[in-house]
>>> print(open('run.cif').read())   # mmCIF, C-alpha atoms
data_protein
loop_
_atom_site.label_atom_id
_atom_site.label_comp_id
_atom_site.auth_asym_id
_atom_site.auth_seq_id
_atom_site.Cartn_x
_atom_site.Cartn_y
_atom_site.Cartn_z
CA MET L 1 -9.08 -29.41 -6.24
CA LYS L 2 -10.13 -27.41 -9.34
CA LYS L 3 -13.56 -29.09 -9.32
CA ILE L 4 -14.15 -28.01 -5.71
CA ILE L 5 -13.21 -24.41 -6.50
CA LYS L 6 -15.49 -24.41 -9.56
CA LYS L 7 -18.31 -25.88 -7.48
CA ILE L 8 -17.85 -23.24 -4.76
CA LEU L 9 -17.78 -20.45 -7.35
CA PHE L 10 -20.88 -21.84 -9.06
CA ILE L 11 -22.78 -22.05 -5.75
CA GLY L 12 -21.61 -18.53 -4.89
CA LEU L 13 -22.88 -17.26 -8.24
CA ILE L 14 -26.27 -18.97 -7.71
CA ILE L 15 -26.56 -17.43 -4.23
CA PHE L 16 -25.64 -13.99 -5.62
CA LEU L 17 -28.25 -14.29 -8.38
CA LEU L 18 -30.92 -15.45 -5.93
CA MET L 19 -30.13 -12.47 -3.69
CA GLN L 20 -31.11 -10.21 -6.57
CA LEU L 21 -34.70 -11.42 -6.31
CA TYR L 22 -35.05 -9.62 -2.97
CA GLN L 23 -35.80 -5.99 -3.76
CA PRO L 24 -37.32 -4.15 -0.79
CA ALA L 25 -39.82 -1.36 -1.33
CA ARG L 26 -38.23 1.94 -2.28
CA ASN L 27 -38.26 4.95 0.00
CA GLU L 28 -40.48 7.03 -2.28
CA SER L 29 -43.58 8.77 -1.07
CA PHE L 30 -45.33 10.99 -3.57
CA GLU L 31 -48.46 11.54 -1.50
CA GLN L 32 -47.48 13.20 1.73
CA ASP L 33 -48.38 16.12 3.96
CA ILE L 34 -46.04 18.80 2.66
CA THR L 35 -47.02 21.14 5.51
CA ALA L 36 -45.02 18.90 7.89
CA ASN L 37 -41.89 19.26 5.74
CA PHE L 38 -38.95 20.93 7.45
CA THR L 39 -38.82 23.63 4.78
CA LYS L 40 -42.46 24.54 5.46
CA VAL L 41 -42.18 24.52 9.25
CA TYR L 42 -39.28 26.97 9.08
CA LYS L 43 -38.61 29.45 6.32
CA VAL L 44 -35.45 27.80 5.07
CA PRO L 45 -33.37 29.95 2.73
CA LYS L 46 -33.01 28.35 -0.71
CA ASN L 47 -29.23 27.98 -0.38
CA VAL L 48 -29.59 26.12 2.94
CA GLU L 49 -32.40 23.97 1.56
CA ILE L 50 -30.23 22.91 -1.39
CA ILE L 51 -27.40 21.94 0.97
CA LEU L 52 -29.76 19.88 3.15
CA ARG L 53 -31.40 18.18 0.17
CA THR L 54 -28.01 17.30 -1.36
CA SER L 55 -26.34 16.08 1.83
CA CYS L 56 -29.14 14.87 4.09
CA TYR L 57 -32.45 14.08 2.40
CA ASP L 58 -31.51 10.72 0.84
CA CYS L 59 -31.40 9.12 4.30
CA HIS L 60 -33.49 11.59 6.31
CA SER L 61 -36.66 12.00 4.23
CA ASN L 62 -39.43 9.98 2.62
CA ASN L 63 -37.84 10.26 -0.82
CA THR L 64 -34.48 8.79 -1.73
CA TYR L 65 -32.61 9.10 -5.00
CA TYR L 66 -31.56 5.58 -5.95
CA PRO L 67 -28.33 5.29 -7.96
CA TRP L 68 -27.54 2.37 -10.26
CA TYR L 69 -25.87 0.26 -7.56
CA SER L 70 -29.05 0.28 -5.47
CA TYR L 71 -30.43 -2.40 -7.78
CA ILE L 72 -27.70 -4.83 -6.78
CA GLN L 73 -27.74 -6.85 -3.57
CA PRO L 74 -26.14 -6.65 -1.02
CA ALA L 75 -25.61 -2.90 -1.69
CA ARG L 76 -29.38 -2.33 -1.63
CA PHE L 77 -29.71 -4.11 1.72
CA PHE L 78 -27.09 -1.86 3.34
CA MET L 79 -28.61 1.21 1.73
CA GLU L 80 -32.10 0.39 3.01
CA ARG L 81 -30.75 -0.19 6.51
CA HIS L 82 -29.05 3.24 6.48
CA ILE L 83 -32.25 4.90 5.23
CA LYS L 84 -34.38 3.19 7.88
CA GLU L 85 -31.99 4.19 10.67
CA GLY L 86 -31.68 7.71 9.30
CA LYS L 87 -35.44 8.23 9.12
CA GLU L 88 -35.91 6.86 12.64
CA GLU L 89 -33.44 9.45 13.91
CA LEU L 90 -34.66 12.40 11.82
CA ASN L 91 -37.17 12.70 9.01
CA PHE L 92 -37.27 16.11 7.35
CA ASN L 93 -40.64 15.29 5.75
CA GLU L 94 -42.20 14.59 9.17
CA PHE L 95 -40.48 17.43 11.06
CA GLY L 96 -43.69 19.42 11.54
CA ASN L 97 -45.26 16.44 13.31
CA TYR L 98 -42.58 16.52 16.03
CA SER L 99 -43.31 18.38 19.26
CA LYS L 100 -41.66 21.81 19.57
CA ARG L 101 -39.32 20.35 22.18
CA ARG L 102 -38.30 17.52 19.85
CA GLN L 103 -37.86 19.95 16.94
CA ASN L 104 -35.52 22.06 19.04
CA SER L 105 -33.64 18.96 20.13
CA LYS L 106 -33.29 17.83 16.50
CA LEU L 107 -31.98 21.26 15.45
CA LYS L 108 -29.31 21.03 18.17
CA ALA L 109 -28.46 17.49 17.07
CA ILE L 110 -28.11 18.59 13.45
CA SER L 111 -25.69 21.33 14.53
CA LYS L 112 -23.68 18.92 16.66
CA GLU L 113 -23.49 16.29 13.90
CA ILE L 114 -22.36 18.84 11.31
CA GLU L 115 -19.81 20.49 13.63
CA SER L 116 -18.28 17.14 14.59
CA ASN L 117 -18.22 15.93 10.94
CA GLU L 118 -20.34 12.91 11.87
CA MET L 119 -22.89 13.75 9.18
CA PRO L 120 -23.15 13.07 6.39
CA LEU L 121 -21.70 9.63 7.00
CA SER L 122 -18.31 8.97 5.47
CA SER L 123 -19.70 5.76 3.94
CA TYR L 124 -22.24 7.95 2.09
CA THR L 125 -19.80 10.67 1.01
CA LEU L 126 -17.37 8.03 -0.25
CA ILE L 127 -19.64 7.55 -3.25
CA HIS L 128 -21.65 10.80 -3.13
CA LYS L 129 -18.88 13.39 -3.31
CA ASN L 130 -21.39 16.22 -3.84
CA ALA L 131 -22.78 15.53 -0.34
CA ILE L 132 -19.52 16.50 1.38
CA LEU L 133 -20.09 19.75 3.22
CA THR L 134 -17.56 22.50 2.59
CA ALA L 135 -16.62 24.88 5.40
CA SER L 136 -18.75 27.54 3.73
CA GLN L 137 -21.79 25.24 3.50
CA LYS L 138 -21.40 24.18 7.12
CA LYS L 139 -21.27 27.81 8.18
CA LYS L 140 -24.43 28.66 6.21
CA VAL L 141 -26.40 25.78 7.73
CA LEU L 142 -25.07 26.30 11.27
CA ASP L 143 -25.64 30.08 11.17
CA TRP L 144 -29.22 29.53 9.99
CA ILE L 145 -29.90 26.87 12.66
CA ASN L 146 -28.48 29.16 15.38
CA LYS L 147 -30.77 31.94 14.15
CA ILE L 148 -33.80 29.61 14.29
CA GLU L 149 -32.83 28.31 17.75
CA ASP L 150 -32.55 31.89 18.99
CA SER L 151 -36.01 32.72 17.67
CA ILE L 152 -37.46 29.58 19.30
CA SER L 153 -35.81 30.45 22.63
CA SER L 154 -37.20 34.00 22.51
CA GLN L 155 -40.71 32.60 21.94
CA ASN L 156 -40.55 30.48 25.11
#
>>> encode(input="run.cif", output="C-alpha coordinates")
Amino acid sequence: MKKIIKKILFIGLIIFLLMQLYQPARNESFEQDITANFTKVYKVPKNVEIILRTSCYDCHSNNTYYPWYSYIQPARFFMERHIKEGKEELNFNEFGNYSKRRQNSKLKAISKEIESNEMPLSSYTLIHKNAILTASQKKKVLDWINKIEDSISSQN
(Lines of atoms letter the chains of each structure in order from A and count residues from 1; the text may use other names and numbers.)
(Lines give C-alpha, C1' and ligand atoms only; values in the text may rest on other atoms or scores of the structure.)
Protein backbone atom coordinates (compact mmCIF):
# COMPACT_ATOMS: atom_id res chain seq x y z
CA MET A 1 0.00 0.00 0.00
CA LYS A 2 2.85 2.41 0.87
CA LYS A 3 4.51 1.73 -2.51
CA ILE A 4 1.31 2.69 -4.36
CA ILE A 5 1.01 5.95 -2.41
CA LYS A 6 4.68 6.76 -3.07
CA LYS A 7 4.20 5.98 -6.76
CA ILE A 8 1.11 8.21 -6.96
CA LEU A 9 2.92 11.04 -5.17
CA PHE A 10 5.96 10.66 -7.44
CA ILE A 11 3.78 10.75 -10.59
CA GLY A 12 1.92 13.76 -9.17
CA LEU A 13 5.22 15.54 -8.55
CA ILE A 14 6.41 14.79 -12.12
CA ILE A 15 3.13 16.12 -13.55
CA PHE A 16 3.40 19.26 -11.39
CA LEU A 17 6.98 19.86 -12.54
CA LEU A 18 6.07 19.31 -16.19
CA MET A 19 3.21 21.81 -15.83
CA GLN A 20 5.80 24.44 -14.95
CA LEU A 21 7.22 24.23 -18.46
CA TYR A 22 4.05 25.83 -19.82
CA GLN A 23 4.42 29.58 -19.35
CA PRO A 24 2.04 31.56 -21.57
CA ALA A 25 3.04 34.96 -22.91
CA ARG A 26 2.68 37.75 -20.40
CA ASN A 27 0.12 40.50 -20.76
CA GLU A 28 2.69 43.25 -21.25
CA SER A 29 2.56 45.68 -24.12
CA PHE A 30 5.12 48.45 -24.07
CA GLU A 31 4.41 49.69 -27.59
CA GLN A 32 0.83 50.81 -27.78
CA ASP A 33 -1.32 53.71 -28.89
CA ILE A 34 -1.57 55.74 -25.71
CA THR A 35 -4.15 58.06 -27.30
CA ALA A 36 -6.69 55.21 -27.06
CA ASN A 37 -6.09 54.85 -23.32
CA PHE A 38 -9.11 55.54 -21.12
CA THR A 39 -7.22 58.27 -19.27
CA LYS A 40 -6.53 60.09 -22.55
CA VAL A 41 -10.05 59.74 -23.95
CA TYR A 42 -11.49 61.32 -20.81
CA LYS A 43 -9.71 63.70 -18.49
CA VAL A 44 -9.57 61.34 -15.54
CA PRO A 45 -8.69 63.00 -12.23
CA LYS A 46 -5.47 61.59 -10.78
CA ASN A 47 -7.22 60.19 -7.69
CA VAL A 48 -9.73 58.29 -9.86
CA GLU A 49 -6.97 57.07 -12.18
CA ILE A 50 -5.02 55.66 -9.23
CA ILE A 51 -8.11 53.80 -8.00
CA LEU A 52 -8.75 52.33 -11.46
CA ARG A 53 -5.12 51.33 -11.96
CA THR A 54 -4.95 49.67 -8.53
CA SER A 55 -8.28 47.83 -8.71
CA CYS A 56 -8.97 47.28 -12.41
CA TYR A 57 -5.98 47.54 -14.74
CA ASP A 58 -4.37 44.16 -13.97
CA CYS A 59 -7.24 42.36 -15.73
CA HIS A 60 -8.64 45.16 -17.89
CA SER A 61 -5.56 46.56 -19.67
CA ASN A 62 -2.65 45.47 -21.83
CA ASN A 63 -0.24 45.54 -18.88
CA THR A 64 -0.53 43.27 -15.87
CA TYR A 65 1.60 43.28 -12.75
CA TYR A 66 2.65 39.68 -12.18
CA PRO A 67 3.21 38.66 -8.54
CA TRP A 68 5.47 35.79 -7.49
CA TYR A 69 2.74 33.13 -7.66
CA SER A 70 2.14 33.88 -11.34
CA TYR A 71 5.24 31.84 -12.13
CA ILE A 72 3.67 28.69 -10.71
CA GLN A 73 1.16 26.55 -12.57
CA PRO A 74 -1.81 26.14 -12.24
CA ALA A 75 -2.08 29.65 -10.67
CA ARG A 76 -0.71 31.20 -13.86
CA PHE A 77 -3.28 29.37 -16.00
CA PHE A 78 -6.19 30.71 -13.92
CA MET A 79 -4.66 34.17 -13.88
CA GLU A 80 -4.27 34.25 -17.67
CA ARG A 81 -7.85 33.10 -18.13
CA HIS A 82 -9.11 35.94 -15.89
CA ILE A 83 -7.00 38.48 -17.78
CA LYS A 84 -8.21 37.23 -21.17
CA GLU A 85 -11.86 37.36 -20.08
CA GLY A 86 -11.37 40.76 -18.44
CA LYS A 87 -9.78 42.28 -21.54
CA GLU A 88 -12.52 40.86 -23.77
CA GLU A 89 -15.11 42.59 -21.61
CA LEU A 90 -13.26 45.89 -21.12
CA ASN A 91 -9.77 47.05 -22.03
CA PHE A 92 -8.85 50.47 -20.66
CA ASN A 93 -5.91 50.70 -23.09
CA GLU A 94 -8.23 50.22 -26.09
CA PHE A 95 -11.12 52.36 -24.79
CA GLY A 96 -10.60 55.11 -27.37
CA ASN A 97 -11.04 52.55 -30.16
CA TYR A 98 -14.57 51.73 -28.98
CA SER A 99 -17.50 53.50 -30.62
CA LYS A 100 -19.06 56.32 -28.57
CA ARG A 101 -22.08 54.11 -27.98
CA ARG A 102 -19.90 51.28 -26.68
CA GLN A 103 -17.89 53.69 -24.51
CA ASN A 104 -21.10 54.93 -22.92
CA SER A 105 -22.28 51.37 -22.42
CA LYS A 106 -18.97 50.43 -20.78
CA LEU A 107 -19.15 53.44 -18.44
CA LYS A 108 -22.63 52.32 -17.34
CA ALA A 109 -21.37 48.76 -16.88
CA ILE A 110 -18.44 49.96 -14.77
CA SER A 111 -20.87 51.86 -12.52
CA LYS A 112 -23.17 48.87 -12.21
CA GLU A 113 -20.30 46.47 -11.42
CA ILE A 114 -18.89 48.78 -8.75
CA GLU A 115 -22.28 49.53 -7.17
CA SER A 116 -23.17 45.83 -6.98
CA ASN A 117 -19.71 44.89 -5.61
CA GLU A 118 -19.15 42.50 -8.52
CA MET A 119 -15.87 44.17 -9.40
CA PRO A 120 -13.13 43.78 -8.56
CA LEU A 121 -13.66 40.04 -8.31
CA SER A 122 -13.53 38.59 -4.81
CA SER A 123 -11.04 35.98 -6.07
CA TYR A 124 -8.74 38.90 -7.01
CA THR A 125 -9.22 40.92 -3.82
CA LEU A 126 -8.61 37.81 -1.72
CA ILE A 127 -4.92 38.16 -2.51
CA HIS A 128 -4.79 41.82 -3.61
CA LYS A 129 -6.20 43.57 -0.54
CA ASN A 130 -5.20 47.00 -1.90
CA ALA A 131 -7.67 46.48 -4.78
CA ILE A 132 -10.70 46.41 -2.47
CA LEU A 133 -12.68 49.57 -3.06
CA THR A 134 -13.63 51.56 0.03
CA ALA A 135 -16.94 53.41 0.14
CA SER A 136 -15.05 56.66 -0.42
CA GLN A 137 -13.21 55.28 -3.47
CA LYS A 138 -16.44 53.92 -4.93
CA LYS A 139 -18.08 57.31 -4.49
CA LYS A 140 -15.19 59.11 -6.21
CA VAL A 141 -15.26 56.77 -9.22
CA LEU A 142 -19.06 56.68 -9.48
CA ASP A 143 -19.40 60.48 -9.12
CA TRP A 144 -16.81 60.99 -11.85
CA ILE A 145 -18.46 58.45 -14.19
CA ASN A 146 -21.88 60.09 -13.63
CA LYS A 147 -20.34 63.46 -14.50
CA ILE A 148 -18.84 62.03 -17.71
CA GLU A 149 -22.11 60.29 -18.65
CA ASP A 150 -23.97 63.57 -18.17
CA SER A 151 -21.53 65.39 -20.44
CA ILE A 152 -21.86 62.66 -23.09
CA SER A 153 -25.66 62.83 -22.91
CA SER A 154 -25.62 66.63 -23.30
CA GLN A 155 -23.45 66.27 -26.43
CA ASN A 156 -25.99 63.98 -28.12
>>> resolve_selection(input="run.cif", expression="the PyMOL selection byres ((chain L and resi 120) around 9)", output="PyMOL selection string")
chain L and resi 55-56+113-114+117-119+121-125+131-133
>>> residues_around(input="run.cif", residues="Asp58 in chain L", least_positions_apart="3", cutoff="12 Å", atoms="only C-alpha atoms", output="JSON, numbers by chain")
{"L": [26, 27, 28, 51, 52, 53, 54, 55, 61, 62, 63, 64, 65, 66, 67, 79, 80, 82, 83, 84, 85, 86, 87, 90, 91, 92, 93, 120, 121, 124, 125, 128, 131]}
>>> resolve_selection(input="run.cif", expression="the PyMOL selection byres ((chain L and resi 138-147) around 9)", output="number ranges by chain")
L: 44-45, 47-49, 51-52, 107-108, 110-111, 114-115, 133-137, 148-152
>>> write_last_selection(input="run.cif", atoms="C-alpha atoms", output="PDB file, in the frame of the given file")
ATOM      1  CA  VAL L  44     -35.450  27.800   5.070  1.00  0.00           C
ATOM      2  CA  PRO L  45     -33.370  29.950   2.730  1.00  0.00           C
ATOM      3  CA  ASN L  47     -29.230  27.980  -0.380  1.00  0.00           C
ATOM      4  CA  VAL L  48     -29.590  26.120   2.940  1.00  0.00           C
ATOM      5  CA  GLU L  49     -32.400  23.970   1.560  1.00  0.00           C
ATOM      6  CA  ILE L  51     -27.400  21.940   0.970  1.00  0.00           C
ATOM      7  CA  LEU L  52     -29.760  19.880   3.150  1.00  0.00           C
ATOM      8  CA  LEU L 107     -31.980  21.260  15.450  1.00  0.00           C
ATOM      9  CA  LYS L 108     -29.310  21.030  18.170  1.00  0.00           C
ATOM     10  CA  ILE L 110     -28.110  18.590  13.450  1.00  0.00           C
ATOM     11  CA  SER L 111     -25.690  21.330  14.530  1.00  0.00           C
ATOM     12  CA  ILE L 114     -22.360  18.840  11.310  1.00  0.00           C
ATOM     13  CA  GLU L 115     -19.810  20.490  13.630  1.00  0.00           C
ATOM     14  CA  LEU L 133     -20.090  19.750   3.220  1.00  0.00           C
ATOM     15  CA  THR L 134     -17.560  22.500   2.590  1.00  0.00           C
ATOM     16  CA  ALA L 135     -16.620  24.880   5.400  1.00  0.00           C
ATOM     17  CA  SER L 136     -18.750  27.540   3.730  1.00  0.00           C
ATOM     18  CA  GLN L 137     -21.790  25.240   3.500  1.00  0.00           C
ATOM     19  CA  ILE L 148     -33.800  29.610  14.290  1.00  0.00           C
ATOM     20  CA  GLU L 149     -32.830  28.310  17.750  1.00  0.00           C
ATOM     21  CA  ASP L 150     -32.550  31.890  18.990  1.00  0.00           C
ATOM     22  CA  SER L 151     -36.010  32.720  17.670  1.00  0.00           C
ATOM     23  CA  ILE L 152     -37.460  29.580  19.300  1.00  0.00           C
TER      24      ILE L 152
END
>>> atom_distance(input="run.cif", atom1="CA of Gly96 in chain L", atom2="CA of His60 in chain L")
13.9 Å
>>> atom_distance(input="run.cif", atom1="CA of Tyr98 in chain L", atom2="CA of Thr39 in chain L")
13.8 Å
>>> closest_residue(input="run.cif", among="L:Tyr69, L:Lys3, L:Cys59, L:Asn37", to="Ile127 in chain L", atoms="only C-alpha atoms")
L:Tyr69
>>> atom_distance(input="run.cif", atom1="CA of Lys129 in chain L", atom2="CA of Ile50 in chain L")
14.9 Å
>>> build_atoms(input="run.cif", residues="range 72-90 of chain L", atoms="N, CA and C atoms", output="mmCIF file, in the coordinates of the input")
data_model
loop_
_atom_site.group_PDB
_atom_site.id
_atom_site.type_symbol
_atom_site.label_atom_id
_atom_site.label_comp_id
_atom_site.auth_asym_id
_atom_site.auth_seq_id
_atom_site.Cartn_x
_atom_site.Cartn_y
_atom_site.Cartn_z
ATOM 1 N N ILE L 72 -28.524 -3.639 -6.969
ATOM 2 C CA ILE L 72 -27.700 -4.830 -6.780
ATOM 3 C C ILE L 72 -27.585 -5.149 -5.286
ATOM 4 N N GLN L 73 -27.929 -6.392 -4.945
ATOM 5 C CA GLN L 73 -27.740 -6.850 -3.570
ATOM 6 C C GLN L 73 -26.288 -7.295 -3.429
ATOM 7 N N PRO L 74 -25.652 -7.098 -2.323
ATOM 8 C CA PRO L 74 -26.140 -6.650 -1.020
ATOM 9 C C PRO L 74 -26.096 -5.130 -0.823
ATOM 10 N N ALA L 75 -25.675 -4.356 -1.837
ATOM 11 C CA ALA L 75 -25.610 -2.900 -1.690
ATOM 12 C C ALA L 75 -26.979 -2.333 -1.299
ATOM 13 N N ARG L 76 -28.029 -2.829 -1.914
ATOM 14 C CA ARG L 76 -29.380 -2.330 -1.630
ATOM 15 C C ARG L 76 -29.769 -2.598 -0.176
ATOM 16 N N PHE L 77 -29.407 -3.760 0.329
ATOM 17 C CA PHE L 77 -29.710 -4.110 1.720
ATOM 18 C C PHE L 77 -29.061 -3.105 2.673
ATOM 19 N N PHE L 78 -27.786 -2.811 2.467
ATOM 20 C CA PHE L 78 -27.090 -1.860 3.340
ATOM 21 C C PHE L 78 -27.681 -0.464 3.206
ATOM 22 N N MET L 79 -28.020 -0.102 1.985
ATOM 23 C CA MET L 79 -28.610 1.210 1.730
ATOM 24 C C MET L 79 -29.953 1.353 2.450
ATOM 25 N N GLU L 80 -30.789 0.344 2.357
ATOM 26 C CA GLU L 80 -32.100 0.390 3.010
ATOM 27 C C GLU L 80 -31.964 0.456 4.525
ATOM 28 N N ARG L 81 -30.971 -0.245 5.067
ATOM 29 C CA ARG L 81 -30.750 -0.190 6.510
ATOM 30 C C ARG L 81 -30.346 1.225 6.939
ATOM 31 N N HIS L 82 -29.467 1.866 6.171
ATOM 32 C CA HIS L 82 -29.050 3.240 6.480
ATOM 33 C C HIS L 82 -30.241 4.193 6.404
ATOM 34 N N ILE L 83 -31.076 4.034 5.392
ATOM 35 C CA ILE L 83 -32.250 4.900 5.230
ATOM 36 C C ILE L 83 -33.208 4.719 6.398
ATOM 37 N N LYS L 84 -33.471 3.479 6.771
ATOM 38 C CA LYS L 84 -34.380 3.190 7.880
ATOM 39 C C LYS L 84 -33.869 3.810 9.174
ATOM 40 N N GLU L 85 -32.588 3.615 9.456
ATOM 41 C CA GLU L 85 -31.990 4.190 10.670
ATOM 42 C C GLU L 85 -31.998 5.716 10.616
ATOM 43 N N GLY L 86 -31.701 6.264 9.450
ATOM 44 C CA GLY L 86 -31.680 7.710 9.300
ATOM 45 C C GLY L 86 -33.053 8.332 9.528
ATOM 46 N N LYS L 87 -34.084 7.710 8.957
ATOM 47 C CA LYS L 87 -35.440 8.230 9.120
ATOM 48 C C LYS L 87 -35.949 8.075 10.557
ATOM 49 N N GLU L 88 -35.512 7.019 11.235
ATOM 50 C CA GLU L 88 -35.910 6.860 12.640
ATOM 51 C C GLU L 88 -35.317 7.975 13.491
ATOM 52 N N GLU L 89 -34.120 8.397 13.148
ATOM 53 C CA GLU L 89 -33.440 9.450 13.910
ATOM 54 C C GLU L 89 -33.983 10.831 13.570
ATOM 55 N N LEU L 90 -34.183 11.088 12.287
ATOM 56 C CA LEU L 90 -34.660 12.400 11.820
ATOM 57 C C LEU L 90 -35.275 12.234 10.449
#
